[in-house]
Amino acid sequence: MPIPPEVTGEEIDPDVRQELMSLPKGLAEDVSRNLVMVAQLIDEDPEQAYEYSKIALRLASRVAAVREATGFAAYATQKYSEALAEFRAARRMSGGVELWPVMADCERGLGRPERALTMAGEPEVQKLDKAGQVEMRLVAAGARRDLGQIDAAIVTLQSPELASGAVHPWTARLRYAYADALLAAGREQEAREWFAKALEADKDGATDASDRLAEMDGVEFVDAFDDSEDSDDSDGPVEADGSEETGGPREVPGDGDERDGDKG
């Protein structure tokens, strides 16, 4: 697959570049350029990112960073079985636990929420940093919802991190997941309050909390760009769309509980 000439491979994370130093120079450059393309495309065009990741994998399958990148690209395209296999391989190579939450979310994607809950209770979780533990909590809550255990999902999300007024990269998503679970339980007023708190923390637009609030408030939007002059309804209101519920790792694509695509 073609790679734009301006992509040199130097854009890659320094830790990944260090891993690639075990490869011959020319090969390392080819792998790094493909990994850069994965990183650049994974949000907007995950299928293309997946194709670049497969090239990197063919070139350097024994590099943990390559296996991890391939796993995330597969995860983004809802190929959960393949993603899980790549994450397991990366973990064996690196010995780290950072991938534990997303591995558990792959189990959810494969229709095995009970396995995700088992992973949430295993010793690896205690080795995660704070962000990783929050991700694991989100996955566990999502697994509870998969099983129809809405009240248990709410309890799972109740934590010091949720109660804290401090804002971290994961704060908006945690509050959003809690709001969404409250709404599913019919606790609408509380849900509205937490959607508002999620919006307050969401500086990067990681959630659609504003749309959810508008929907709950009955706000309608007019499509000002409808140029269909022949239709009497062309200027009619269009209701704001809802969003997918939240329950898994969000630093990578595949965010949300609905997994209607390829299960691997």
# chains A, B, ... in the order shown; residues from 1 in each chain; ligands from 1

call {"tool": "residues_around", "arguments": {"residues": "Glu188 in chain A", "least_positions_apart": "2", "cutoff": "12 Å", "atoms": "only C-alpha atoms", "output": "list in words"}}
result
Tyr178, Ala179, Asp180, Ala181, Leu182, Leu183, Ala184, Ala185, Gly186, Glu190, Ala191, Arg192, Glu193, Trp194, Phe195, Arg212, Leu213, Glu215, Met216 and Asp217 of chain A

call {"tool": "closest_residue", "arguments": {"among": "A:Val134, A:Met103, A:Leu128, A:Leu157", "to": "Tyr75 in chain A", "atoms": "only C-alpha atoms"}}
result
A:Met103

call {"tool": "residues_around", "arguments": {"residues": "Gln48 in chain A", "least_positions_apart": "6", "cutoff": "10 Å", "atoms": "only C-alpha atoms", "output": "VMD selection string"}}
result
chain A and resid 1 37 to 38 41 to 42 73 77

call {"tool": "write_last_selection", "arguments": {"atoms": "C-alpha atoms", "output": "mmCIF file, in the first residue's frame"}}
result
data_model
loop_
_atom_site.group_PDB
_atom_site.id
_atom_site.type_symbol
_atom_site.label_atom_id
_atom_site.label_comp_id
_atom_site.auth_asym_id
_atom_site.auth_seq_id
_atom_site.Cartn_x
_atom_site.Cartn_y
_atom_site.Cartn_z
ATOM 1 C CA MET A 1 0.000 0.000 0.000
ATOM 2 C CA MET A 37 -0.055 5.226 8.925
ATOM 3 C CA VAL A 38 -1.885 3.020 11.421
ATOM 4 C CA LEU A 41 -5.817 6.468 10.148
ATOM 5 C CA ILE A 42 -7.156 4.395 13.027
ATOM 6 C CA ALA A 73 -6.363 -1.925 14.382
ATOM 7 C CA THR A 77 -12.607 -2.884 12.950
#

call {"tool": "closest_residue", "arguments": {"among": "A:Thr118, A:Asn34, A:Gln149, A:Ser210", "to": "Glu10 in chain A", "atoms": "only C-alpha atoms"}}
result
A:Asn34

call {"tool": "closest_residue", "arguments": {"among": "A:Val63, A:Met93, A:Ala143, A:Val125", "to": "Asp105 in chain A", "atoms": "only C-alpha atoms"}}
result
A:Ala143

call {"tool": "select_by_dssp", "arguments": {"residues": "range 43-154 of chain A", "states": "alpha helix (DSSP H)", "output": "number ranges by chain"}}
result
A: 46-59, 64-76, 80-94, 100-109, 113-120, 130-146, 150-154

call {"tool": "residues_around", "arguments": {"residues": "Met119 in chain A", "least_positions_apart": "3", "cutoff": "12 Å", "atoms": "only C-alpha atoms", "output": "number ranges by chain"}}
result
A: 97, 99-108, 112-116, 122-126, 133, 136-137, 139-140, 143

call {"tool": "residues_around", "arguments": {"residues": "Leu84 in chain A", "least_positions_apart": "3", "cutoff": "7 Å", "atoms": "only C-alpha atoms", "output": "PyMOL selection string"}}
result
chain A and resi 71+80-81+87-88+103+106

call {"tool": "write_last_selection", "arguments": {"atoms": "N, CA and C atoms", "output": "PDB file, in the first residue's frame"}}
result
ATOM      1  N   GLY A  71      -3.228  -5.352  16.977  1.00  0.00           N
ATOM      2  CA  GLY A  71      -4.364  -5.627  17.840  1.00  0.00           C
ATOM      3  C   GLY A  71      -5.343  -4.471  17.902  1.00  0.00           C
ATOM      4  N   TYR A  80     -12.643  -8.915  16.903  1.00  0.00           N
ATOM      5  CA  TYR A  80     -12.259  -9.090  18.298  1.00  0.00           C
ATOM      6  C   TYR A  80     -11.422 -10.332  18.564  1.00  0.00           C
ATOM      7  N   SER A  81     -11.681 -11.403  17.844  1.00  0.00           N
ATOM      8  CA  SER A  81     -10.885 -12.615  18.038  1.00  0.00           C
ATOM      9  C   SER A  81      -9.433 -12.376  17.631  1.00  0.00           C
ATOM     10  N   PHE A  87      -3.164  -8.993  21.076  1.00  0.00           N
ATOM     11  CA  PHE A  87      -2.897  -8.423  22.399  1.00  0.00           C
ATOM     12  C   PHE A  87      -2.209  -9.444  23.308  1.00  0.00           C
ATOM     13  N   ARG A  88      -2.644 -10.684  23.236  1.00  0.00           N
ATOM     14  CA  ARG A  88      -2.017 -11.729  24.047  1.00  0.00           C
ATOM     15  C   ARG A  88      -0.559 -11.921  23.637  1.00  0.00           C
ATOM     16  N   MET A 103      -8.157  -6.260  26.426  1.00  0.00           N
ATOM     17  CA  MET A 103      -8.321  -7.695  26.228  1.00  0.00           C
ATOM     18  C   MET A 103      -9.662  -8.155  26.799  1.00  0.00           C
ATOM     19  N   CYS A 106     -12.390  -7.167  24.506  1.00  0.00           N
ATOM     20  CA  CYS A 106     -12.494  -8.095  23.378  1.00  0.00           C
ATOM     21  C   CYS A 106     -13.362  -9.296  23.748  1.00  0.00           C
TER      22      CYS A 106
END

call {"tool": "closest_atom_pairs", "arguments": {"of": "range 48-150 of chain A", "to": "range 170-175 of chain A", "cutoff": "10 Å", "atoms": "only C-alpha atoms", "output": "JSON lines"}}
result
{"residue": "A:Lys130", "atom": "CA", "partner": "A:Trp170", "partner_atom": "CA", "distance": 9.8}
{"residue": "A:Ala131", "atom": "CA", "partner": "A:Trp170", "partner_atom": "CA", "distance": 7.0}
{"residue": "A:Gly132", "atom": "CA", "partner": "A:Trp170", "partner_atom": "CA", "distance": 9.7}
{"residue": "A:Val134", "atom": "CA", "partner": "A:Trp170", "partner_atom": "CA", "distance": 7.5}
{"residue": "A:Glu135", "atom": "CA", "partner": "A:Trp170", "partner_atom": "CA", "distance": 8.0}
{"residue": "A:Arg137", "atom": "CA", "partner": "A:Leu174", "partner_atom": "CA", "distance": 8.8}
{"residue": "A:Leu138", "atom": "CA", "partner": "A:Leu174", "partner_atom": "CA", "distance": 7.0}

call {"tool": "select_by_dssp", "arguments": {"residues": "range 3-242 of chain A", "states": "strand (DSSP E or B)", "output": "PyMOL selection string"}}
result
chain A and resi 220-222+237-239

call {"tool": "closest_residue", "arguments": {"among": "A:Ala83, A:Leu59, A:Leu162, A:Leu35", "to": "Leu110 in chain A", "atoms": "only C-alpha atoms"}}
result
A:Ala83

call {"tool": "atom_distance", "arguments": {"atom1": "CA of Val36 in chain A", "atom2": "CA of Gln18 in chain A"}}
result
14.7 Å
